[in-house]
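Data block below; observations after.
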Amino acid sequence: MRLWSVHPRYYDRQALTACWREGLLAQAVIADPTRRGYANHPQLQRFRAVRDPLAAIGDYLSAVVDEADARGYRFAREKILKTGPVERIPVAHGQLEYEWGHLLRKLEVRNPDLWERWRTRALPDPHPLFIVEPGPIADWERIS
């Protein structure tokens, strides 16, 4: 499961659709804590740490749908169970930097034109749910 901290505008089609699917799975797990599967996935920690985790994942998904809409894709916004307002979730600079490198490596292979467009950008904007703070890669990240 990859719930990117990077703004959806930087995703290629594959990353956008995968993020939508995985975000819906995360929403299902947050909505039903007894659900099996990804119930203990480390990326869910940051959503569970806020006052209203279900609204937070809903706001996360809303930004993904907004990007899909802007590209003319049809994601089912009605699948989002709840939205905010919620507080923005901190993401460490090191985490955003790590994810950016990870995404750029994927883009270089899957979508060279998009990679060329973004490769010189030092750091992307974060997903609108997140606010960047100083710090290293998150403890929950599985570094490859």
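Residues are named by chain letter and number: chains run A, B, ... in the order of the structure tokens, numbers start at 1 in each chain, and ligands are numbered from 1 in the order shown.
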
Review point. Which residues, written as a list in words, have at least one atom at most 12 Å from Lys106 in chain A, with only C-alpha atoms counted and residues fewer than 6 positions away on the same chain left out?
Key: Tyr10, Tyr11, Asp12, Arg13, Gln14, Ala15, Glu99, Trp100, Pro112, Leu114, Trp115 and Arg119 of chain A

**Study point:** Residue contacts of Pro8 in chain A (7 Å, only C-alpha atoms) excluding same-chain residues fewer than 2 positions away, as a PyMOL selection string
**Key:** chain A and resi 6+10-11+16+64+67+127

Check your understanding: Using only C-alpha atoms, which residue out of A:Leu104, A:Leu44, A:Ala76, A:Ala68 lies closest to Ala56 in chain A?
Key ->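 The shortest atom-to-atom distance to Ala56 in chain A comes from A:Leu44.
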
Neighbours of Tyr98 in chain A within 10 Å (only C-alpha atoms; same-chain residues fewer than 2 positions away dropped), as an mmCIF file with C-alpha atoms, in the first residue's frame?
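part-v7.cif, freshly written:
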```cif
data_model
loop_
_atom_site.group_PDB
_atom_site.id
_atom_site.type_symbol
_atom_site.label_atom_id
_atom_site.label_comp_id
_atom_site.auth_asym_id
_atom_site.auth_seq_id
_atom_site.Cartn_x
_atom_site.Cartn_y
_atom_site.Cartn_z
ATOM 1 C CA SER A 5 2.575 12.282 0.642
ATOM 2 C CA ALA A 92 8.657 15.151 7.443
ATOM 3 C CA HIS A 93 10.786 16.783 4.770
ATOM 4 C CA GLY A 94 12.867 13.599 4.627
ATOM 5 C CA GLN A 95 9.753 11.500 4.011
ATOM 6 C CA LEU A 96 8.562 13.736 1.193
ATOM 7 C CA TRP A 100 9.698 11.975 -4.470
ATOM 8 C CA GLY A 101 12.752 9.933 -5.409
ATOM 9 C CA HIS A 102 10.659 6.761 -5.340
ATOM 10 C CA LEU A 103 8.017 8.289 -7.624
ATOM 11 C CA LEU A 123 10.966 18.685 -3.897
ATOM 12 C CA PRO A 136 13.783 12.368 8.554
ATOM 13 C CA ILE A 137 12.058 9.540 6.737
ATOM 14 C CA ALA A 138 9.108 8.253 8.780
ATOM 15 C CA GLU A 141 8.352 3.766 5.829
ATOM 16 C CA ILE A 143 12.842 1.720 2.565
#
```

Review point. Within 7 Å of Ile89 in chain A, counting only C-alpha atoms, which residues qualify if same-chain residues fewer than 4 places away don't, as a list in words?
Key: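 In the requested format, the answer is Leu129, Phe130 and Ile131 of chain A.
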
Exercise for review: List the neighbours of Glu22 in chain A out to 8 Å using only C-alpha atoms; skip same-chain residues closer than 2 positions along the sequence, and give me the result as a list in words.
Suggested key: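 Close residues of Glu22 in chain A: Met1, Arg2, Leu3, Ala18, Cys19, Trp20, Leu24, Leu25 and Ala26 of chain A.
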
Check your understanding: In terms of the shortest atom-to-atom distance over only C-alpha atoms, which of A:Gly84, A:Pro33, A:Pro90, A:Pro134 is closest to Leu61 in chain A?
Key ->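 Looking only at the distances to Leu61 in chain A, the closest residue turns out to be A:Gly84.
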
Practice item. Compile the contact shell of Lys79 in chain A as JSON, numbers by chain: residues with an atom at most 12 Å away, counting only C-alpha atoms, same-chain residues fewer than 4 positions apart removed. Key: {"A": [20, 21, 23, 24, 25, 27, 28, 57, 58, 61, 62, 65, 75, 83]}

Take the residues from that selection and write them out as a PDB file, in the first residue's frame, keeping N, CA and C atoms.
```pdb
ATOM      1  N   TRP A  20      -5.861   5.712  -5.642  1.00  0.00           N
ATOM      2  CA  TRP A  20      -7.301   5.694  -5.413  1.00  0.00           C
ATOM      3  C   TRP A  20      -7.734   4.351  -4.822  1.00  0.00           C
ATOM      4  N   ARG A  21      -7.318   3.265  -5.455  1.00  0.00           N
ATOM      5  CA  ARG A  21      -7.681   1.928  -4.968  1.00  0.00           C
ATOM      6  C   ARG A  21      -7.163   1.680  -3.558  1.00  0.00           C
ATOM      7  N   GLY A  23      -6.242   3.917  -1.377  1.00  0.00           N
ATOM      8  CA  GLY A  23      -6.903   4.834  -0.448  1.00  0.00           C
ATOM      9  C   GLY A  23      -8.269   4.323  -0.039  1.00  0.00           C
ATOM     10  N   LEU A  24      -8.996   3.739  -0.995  1.00  0.00           N
ATOM     11  CA  LEU A  24     -10.303   3.149  -0.656  1.00  0.00           C
ATOM     12  C   LEU A  24     -10.137   1.968   0.293  1.00  0.00           C
ATOM     13  N   LEU A  25      -9.105   1.176   0.074  1.00  0.00           N
ATOM     14  CA  LEU A  25      -8.820   0.062   0.982  1.00  0.00           C
ATOM     15  C   LEU A  25      -8.489   0.600   2.378  1.00  0.00           C
ATOM     16  N   GLN A  27      -9.473   3.395   3.642  1.00  0.00           N
ATOM     17  CA  GLN A  27     -10.730   3.899   4.191  1.00  0.00           C
ATOM     18  C   GLN A  27     -11.549   2.759   4.793  1.00  0.00           C
ATOM     19  N   ALA A  28     -11.628   1.637   4.091  1.00  0.00           N
ATOM     20  CA  ALA A  28     -12.386   0.486   4.581  1.00  0.00           C
ATOM     21  C   ALA A  28     -11.806  -0.025   5.894  1.00  0.00           C
ATOM     22  N   ILE A  57      -8.890  10.359   5.924  1.00  0.00           N
ATOM     23  CA  ILE A  57      -8.688   9.554   4.723  1.00  0.00           C
ATOM     24  C   ILE A  57      -9.666  10.005   3.633  1.00  0.00           C
ATOM     25  N   GLY A  58     -10.847  10.472   4.025  1.00  0.00           N
ATOM     26  CA  GLY A  58     -11.786  11.019   3.047  1.00  0.00           C
ATOM     27  C   GLY A  58     -11.249  12.271   2.377  1.00  0.00           C
ATOM     28  N   LEU A  61      -8.581  11.162  -0.057  1.00  0.00           N
ATOM     29  CA  LEU A  61      -9.191  10.640  -1.282  1.00  0.00           C
ATOM     30  C   LEU A  61      -9.814  11.743  -2.133  1.00  0.00           C
ATOM     31  N   SER A  62     -10.374  12.758  -1.498  1.00  0.00           N
ATOM     32  CA  SER A  62     -10.989  13.864  -2.242  1.00  0.00           C
ATOM     33  C   SER A  62      -9.981  14.560  -3.148  1.00  0.00           C
ATOM     34  N   VAL A  65      -9.428  12.364  -6.144  1.00  0.00           N
ATOM     35  CA  VAL A  65     -10.554  12.479  -7.081  1.00  0.00           C
ATOM     36  C   VAL A  65     -10.511  13.812  -7.819  1.00  0.00           C
ATOM     37  N   PHE A  75     -13.553   8.752 -11.390  1.00  0.00           N
ATOM     38  CA  PHE A  75     -13.460   8.039 -10.121  1.00  0.00           C
ATOM     39  C   PHE A  75     -14.764   8.296  -9.374  1.00  0.00           C
ATOM     40  N   THR A  83     -15.811  13.321   4.873  1.00  0.00           N
ATOM     41  CA  THR A  83     -14.724  14.277   4.691  1.00  0.00           C
ATOM     42  C   THR A  83     -14.686  15.207   5.891  1.00  0.00           C
TER      43      THR A  83
END
```

Point to revise | Every residue of chain A that DSSP places in strand (DSSP E or B), as a list in words | key: Val6, Ile89, Pro90, Val91, Ala92, Pro126, Phe130, Ile131, Val132 and Glu133 of chain A

Any chance you could export the current selection's N, CA and C atoms as a PDB file, in the first residue's frame?
```
ATOM      1  N   VAL A   6       3.096  12.959  -1.617  1.00  0.00           N
ATOM      2  CA  VAL A   6       3.308  13.840  -2.760  1.00  0.00           C
ATOM      3  C   VAL A   6       1.956  14.269  -3.332  1.00  0.00           C
ATOM      4  N   ILE A  89      -2.005  16.957   8.391  1.00  0.00           N
ATOM      5  CA  ILE A  89      -1.141  15.960   9.015  1.00  0.00           C
ATOM      6  C   ILE A  89       0.314  16.300   8.683  1.00  0.00           C
ATOM      7  N   PRO A  90       1.174  16.316   9.677  1.00  0.00           N
ATOM      8  CA  PRO A  90       2.593  16.597   9.397  1.00  0.00           C
ATOM      9  C   PRO A  90       3.237  15.475   8.578  1.00  0.00           C
ATOM     10  N   VAL A  91       4.067  15.874   7.639  1.00  0.00           N
ATOM     11  CA  VAL A  91       4.924  14.940   6.913  1.00  0.00           C
ATOM     12  C   VAL A  91       6.332  15.523   6.968  1.00  0.00           C
ATOM     13  N   ALA A  92       7.273  14.693   7.330  1.00  0.00           N
ATOM     14  CA  ALA A  92       8.657  15.151   7.443  1.00  0.00           C
ATOM     15  C   ALA A  92       9.249  15.417   6.061  1.00  0.00           C
ATOM     16  N   PRO A 126       3.434  18.934  -1.259  1.00  0.00           N
ATOM     17  CA  PRO A 126       2.823  17.774  -0.605  1.00  0.00           C
ATOM     18  C   PRO A 126       1.361  17.638  -1.009  1.00  0.00           C
ATOM     19  N   PHE A 130      -1.380  17.194   3.841  1.00  0.00           N
ATOM     20  CA  PHE A 130      -0.147  17.198   4.627  1.00  0.00           C
ATOM     21  C   PHE A 130       0.514  18.569   4.684  1.00  0.00           C
ATOM     22  N   ILE A 131       1.232  18.778   5.760  1.00  0.00           N
ATOM     23  CA  ILE A 131       2.051  19.977   5.919  1.00  0.00           C
ATOM     24  C   ILE A 131       3.474  19.523   6.219  1.00  0.00           C
ATOM     25  N   VAL A 132       4.422  20.086   5.492  1.00  0.00           N
ATOM     26  CA  VAL A 132       5.817  19.659   5.603  1.00  0.00           C
ATOM     27  C   VAL A 132       6.471  20.282   6.832  1.00  0.00           C
ATOM     28  N   GLU A 133       7.148  19.440   7.567  1.00  0.00           N
ATOM     29  CA  GLU A 133       7.909  19.860   8.739  1.00  0.00           C
ATOM     30  C   GLU A 133       9.317  19.276   8.625  1.00  0.00           C
TER      31      GLU A 133
END
```

Review point. When you draw a straight line from CA of Ala70 in chain A to CA of Glu87 in chain A, how long is it in Å?
Key: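 Atom-to-atom, CA of Ala70 in chain A and CA of Glu87 in chain A are spaced 24.7 Å apart.
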
Practice item. In Å, rounded to a single decimal, give me how far CA of Arg46 in chain A is from CA of Lys82 in chain A. Key: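 Distance between the two atoms: 17.2 Å.
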
Practice item. Just give me the gap between CA of Tyr73 in chain A and CA of Asn111 in chain A in Å, one decimal is fine. Key: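 CA of Asn111 in chain A lies 17.8 Å from CA of Tyr73 in chain A.
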
Mind listing the helix (DSSP H, G or I) residues of chain A, per DSSP on the backbone, as a CSV table (one decimal) with N, CA and C atoms, in the first residue's frame?
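As written to disk, states_3.csv reads:
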```
chain,number,residue,atom,x,y,z
A,8,PRO,N,-1.0,14.8,-5.8
A,8,PRO,CA,-1.5,14.0,-6.9
A,8,PRO,C,-1.2,14.5,-8.3
A,9,ARG,N,-0.9,15.8,-8.4
A,9,ARG,CA,-0.6,16.4,-9.8
A,9,ARG,C,0.6,15.8,-10.4
A,10,TYR,N,1.5,15.2,-9.6
A,10,TYR,CA,2.7,14.6,-10.1
A,10,TYR,C,2.6,13.2,-10.5
A,13,ARG,N,-0.8,8.1,-14.6
A,13,ARG,CA,-2.1,7.4,-14.6
A,13,ARG,C,-2.0,6.2,-13.6
A,14,GLN,N,-0.9,5.4,-13.7
A,14,GLN,CA,-0.9,4.2,-12.8
A,14,GLN,C,-0.8,4.6,-11.4
A,15,ALA,N,0.0,5.6,-11.0
A,15,ALA,CA,0.1,6.0,-9.6
A,15,ALA,C,-1.3,6.6,-9.1
A,16,LEU,N,-1.9,7.3,-10.0
A,16,LEU,CA,-3.2,7.9,-9.6
A,16,LEU,C,-4.3,6.9,-9.3
A,17,THR,N,-4.4,5.9,-10.2
A,17,THR,CA,-5.4,4.9,-10.0
A,17,THR,C,-5.0,3.9,-8.9
A,18,ALA,N,-3.8,3.6,-8.7
A,18,ALA,CA,-3.3,2.8,-7.6
A,18,ALA,C,-3.6,3.5,-6.3
A,19,CYS,N,-3.3,4.8,-6.2
A,19,CYS,CA,-3.5,5.6,-5.0
A,19,CYS,C,-5.0,5.6,-4.6
A,20,TRP,N,-5.9,5.7,-5.6
A,20,TRP,CA,-7.3,5.7,-5.4
A,20,TRP,C,-7.7,4.4,-4.8
A,21,ARG,N,-7.3,3.3,-5.5
A,21,ARG,CA,-7.7,1.9,-5.0
A,21,ARG,C,-7.2,1.7,-3.6
A,22,GLU,N,-5.9,2.0,-3.3
A,22,GLU,CA,-5.3,1.8,-2.0
A,22,GLU,C,-5.9,2.7,-1.0
A,23,GLY,N,-6.2,3.9,-1.4
A,23,GLY,CA,-6.9,4.8,-0.4
A,23,GLY,C,-8.3,4.3,0.0
A,24,LEU,N,-9.0,3.7,-1.0
A,24,LEU,CA,-10.3,3.1,-0.7
A,24,LEU,C,-10.1,2.0,0.3
A,25,LEU,N,-9.1,1.2,0.1
A,25,LEU,CA,-8.8,0.1,1.0
A,25,LEU,C,-8.5,0.6,2.4
A,26,ALA,N,-7.7,1.6,2.4
A,26,ALA,CA,-7.3,2.3,3.7
A,26,ALA,C,-8.6,2.8,4.4
A,27,GLN,N,-9.5,3.4,3.6
A,27,GLN,CA,-10.7,3.9,4.2
A,27,GLN,C,-11.5,2.8,4.8
A,28,ALA,N,-11.6,1.6,4.1
A,28,ALA,CA,-12.4,0.5,4.6
A,28,ALA,C,-11.8,0.0,5.9
A,29,VAL,N,-10.5,-0.1,6.0
A,29,VAL,CA,-9.8,-0.5,7.2
A,29,VAL,C,-10.1,0.4,8.4
A,30,ILE,N,-10.0,1.7,8.1
A,30,ILE,CA,-10.2,2.7,9.1
A,30,ILE,C,-11.7,2.7,9.6
A,31,ALA,N,-12.6,2.5,8.6
A,31,ALA,CA,-14.0,2.5,9.0
A,31,ALA,C,-14.4,1.3,9.8
A,42,PRO,N,1.5,0.0,8.3
A,42,PRO,CA,2.2,1.2,9.0
A,42,PRO,C,1.8,2.5,8.4
A,43,GLN,N,1.4,2.6,7.1
A,43,GLN,CA,1.0,3.9,6.6
A,43,GLN,C,-0.3,4.4,7.1
A,44,LEU,N,-1.0,3.6,7.8
A,44,LEU,CA,-2.3,4.0,8.4
A,44,LEU,C,-2.1,4.7,9.7
A,45,GLN,N,-0.9,4.6,10.3
A,45,GLN,CA,-0.6,5.3,11.6
A,45,GLN,C,-0.9,6.8,11.5
A,46,ARG,N,-0.4,7.4,10.5
A,46,ARG,CA,-0.6,8.9,10.4
A,46,ARG,C,-2.0,9.3,10.3
A,47,PHE,N,-2.9,8.5,9.7
A,47,PHE,CA,-4.3,8.8,9.7
A,47,PHE,C,-5.0,8.5,11.0
A,48,ARG,N,-4.6,7.4,11.6
A,48,ARG,CA,-5.2,7.1,12.9
A,48,ARG,C,-4.7,8.0,14.0
A,53,PRO,N,-10.0,10.0,12.0
A,53,PRO,CA,-9.2,9.3,10.9
A,53,PRO,C,-10.1,9.1,9.7
A,54,LEU,N,-11.4,8.8,9.8
A,54,LEU,CA,-12.2,8.6,8.6
A,54,LEU,C,-12.4,9.8,7.8
A,55,ALA,N,-12.5,11.0,8.4
A,55,ALA,CA,-12.6,12.2,7.7
A,55,ALA,C,-11.2,12.5,7.0
A,56,ALA,N,-10.1,12.2,7.7
A,56,ALA,CA,-8.8,12.5,7.2
A,56,ALA,C,-8.6,11.6,5.9
A,57,ILE,N,-8.9,10.4,5.9
A,57,ILE,CA,-8.7,9.6,4.7
A,57,ILE,C,-9.7,10.0,3.6
A,58,GLY,N,-10.8,10.5,4.0
A,58,GLY,CA,-11.8,11.0,3.0
A,58,GLY,C,-11.2,12.3,2.4
A,59,ASP,N,-10.6,13.1,3.1
A,59,ASP,CA,-10.0,14.3,2.6
A,59,ASP,C,-8.8,14.0,1.7
A,60,TYR,N,-8.1,13.0,2.1
A,60,TYR,CA,-7.0,12.5,1.2
A,60,TYR,C,-7.5,12.0,-0.1
A,61,LEU,N,-8.6,11.2,-0.1
A,61,LEU,CA,-9.2,10.6,-1.3
A,61,LEU,C,-9.8,11.7,-2.1
A,62,SER,N,-10.4,12.8,-1.5
A,62,SER,CA,-11.0,13.9,-2.2
A,62,SER,C,-10.0,14.6,-3.1
A,63,ALA,N,-8.8,14.8,-2.7
A,63,ALA,CA,-7.7,15.4,-3.5
A,63,ALA,C,-7.3,14.5,-4.7
A,64,VAL,N,-7.4,13.2,-4.5
A,64,VAL,CA,-7.1,12.2,-5.5
A,64,VAL,C,-8.2,12.3,-6.6
A,65,VAL,N,-9.4,12.4,-6.1
A,65,VAL,CA,-10.6,12.5,-7.1
A,65,VAL,C,-10.5,13.8,-7.8
A,66,ASP,N,-10.2,14.9,-7.1
A,66,ASP,CA,-10.0,16.2,-7.8
A,66,ASP,C,-9.1,16.1,-8.9
A,67,GLU,N,-7.9,15.5,-8.7
A,67,GLU,CA,-6.9,15.3,-9.8
A,67,GLU,C,-7.5,14.5,-10.9
A,68,ALA,N,-8.1,13.4,-10.6
A,68,ALA,CA,-8.7,12.5,-11.6
A,68,ALA,C,-9.7,13.3,-12.4
A,69,ASP,N,-10.6,14.1,-11.8
A,69,ASP,CA,-11.5,14.9,-12.5
A,69,ASP,C,-10.9,15.9,-13.4
A,70,ALA,N,-9.8,16.5,-13.0
A,70,ALA,CA,-9.0,17.5,-13.8
A,70,ALA,C,-8.5,16.8,-15.0
A,77,ARG,N,-16.6,9.4,-6.7
A,77,ARG,CA,-16.4,10.3,-5.5
A,77,ARG,C,-17.4,9.8,-4.4
A,78,GLU,N,-18.5,9.2,-4.8
A,78,GLU,CA,-19.5,8.8,-3.8
A,78,GLU,C,-19.0,7.7,-2.9
A,79,LYS,N,-17.9,7.1,-3.3
A,79,LYS,CA,-17.3,6.0,-2.4
A,79,LYS,C,-16.6,6.6,-1.2
A,93,HIS,N,10.1,16.4,6.0
A,93,HIS,CA,10.8,16.8,4.8
A,93,HIS,C,11.5,15.6,4.2
A,94,GLY,N,12.2,14.8,5.1
A,94,GLY,CA,12.9,13.6,4.6
A,94,GLY,C,11.9,12.6,4.0
A,95,GLN,N,10.7,12.4,4.6
A,95,GLN,CA,9.8,11.5,4.0
A,95,GLN,C,9.3,11.9,2.6
A,96,LEU,N,9.0,13.2,2.5
A,96,LEU,CA,8.6,13.7,1.2
A,96,LEU,C,9.7,13.6,0.2
A,97,GLU,N,10.9,13.9,0.6
A,97,GLU,CA,12.0,13.7,-0.3
A,97,GLU,C,12.2,12.2,-0.7
A,98,TYR,N,12.1,11.3,0.2
A,98,TYR,CA,12.2,9.9,-0.1
A,98,TYR,C,11.1,9.5,-1.1
A,99,GLU,N,9.9,9.9,-0.9
A,99,GLU,CA,8.8,9.5,-1.7
A,99,GLU,C,9.0,10.1,-3.1
A,100,TRP,N,9.5,11.3,-3.2
A,100,TRP,CA,9.7,12.0,-4.5
A,100,TRP,C,10.7,11.2,-5.3
A,101,GLY,N,11.8,10.8,-4.7
A,101,GLY,CA,12.8,9.9,-5.4
A,101,GLY,C,12.1,8.6,-5.9
A,102,HIS,N,11.3,8.0,-5.0
A,102,HIS,CA,10.7,6.8,-5.3
A,102,HIS,C,9.7,6.9,-6.5
A,103,LEU,N,8.9,8.0,-6.5
A,103,LEU,CA,8.0,8.3,-7.6
A,103,LEU,C,8.8,8.6,-8.9
A,104,LEU,N,9.8,9.4,-8.8
A,104,LEU,CA,10.6,9.7,-10.0
A,104,LEU,C,11.2,8.5,-10.7
A,105,ARG,N,11.7,7.5,-9.9
A,105,ARG,CA,12.2,6.3,-10.4
A,105,ARG,C,11.1,5.5,-11.2
A,106,LYS,N,9.9,5.5,-10.6
A,106,LYS,CA,8.8,4.9,-11.3
A,106,LYS,C,8.5,5.6,-12.6
A,107,LEU,N,8.4,6.9,-12.6
A,107,LEU,CA,8.1,7.7,-13.8
A,107,LEU,C,9.1,7.5,-14.9
A,108,GLU,N,10.4,7.4,-14.5
A,108,GLU,CA,11.4,7.3,-15.5
A,108,GLU,C,11.2,6.0,-16.4
A,109,VAL,N,10.7,5.0,-15.7
A,109,VAL,CA,10.4,3.7,-16.5
A,109,VAL,C,9.1,3.8,-17.2
A,110,ARG,N,8.0,4.2,-16.5
A,110,ARG,CA,6.7,4.1,-17.0
A,110,ARG,C,6.2,5.2,-17.9
A,112,PRO,N,8.4,8.3,-19.4
A,112,PRO,CA,9.6,9.2,-19.6
A,112,PRO,C,9.2,10.7,-19.8
A,113,ASP,N,8.1,11.0,-20.5
A,113,ASP,CA,7.8,12.4,-20.7
A,113,ASP,C,7.4,13.1,-19.4
A,114,LEU,N,6.7,12.4,-18.5
A,114,LEU,CA,6.4,13.0,-17.2
A,114,LEU,C,7.6,13.1,-16.3
A,115,TRP,N,8.5,12.1,-16.4
A,115,TRP,CA,9.7,12.1,-15.7
A,115,TRP,C,10.5,13.3,-16.1
A,116,GLU,N,10.6,13.5,-17.4
A,116,GLU,CA,11.4,14.7,-17.9
A,116,GLU,C,10.8,16.0,-17.4
A,117,ARG,N,9.5,16.1,-17.3
A,117,ARG,CA,8.8,17.3,-16.9
A,117,ARG,C,9.2,17.6,-15.4
A,118,TRP,N,9.3,16.5,-14.6
A,118,TRP,CA,9.4,16.7,-13.1
A,118,TRP,C,10.8,16.5,-12.6
```
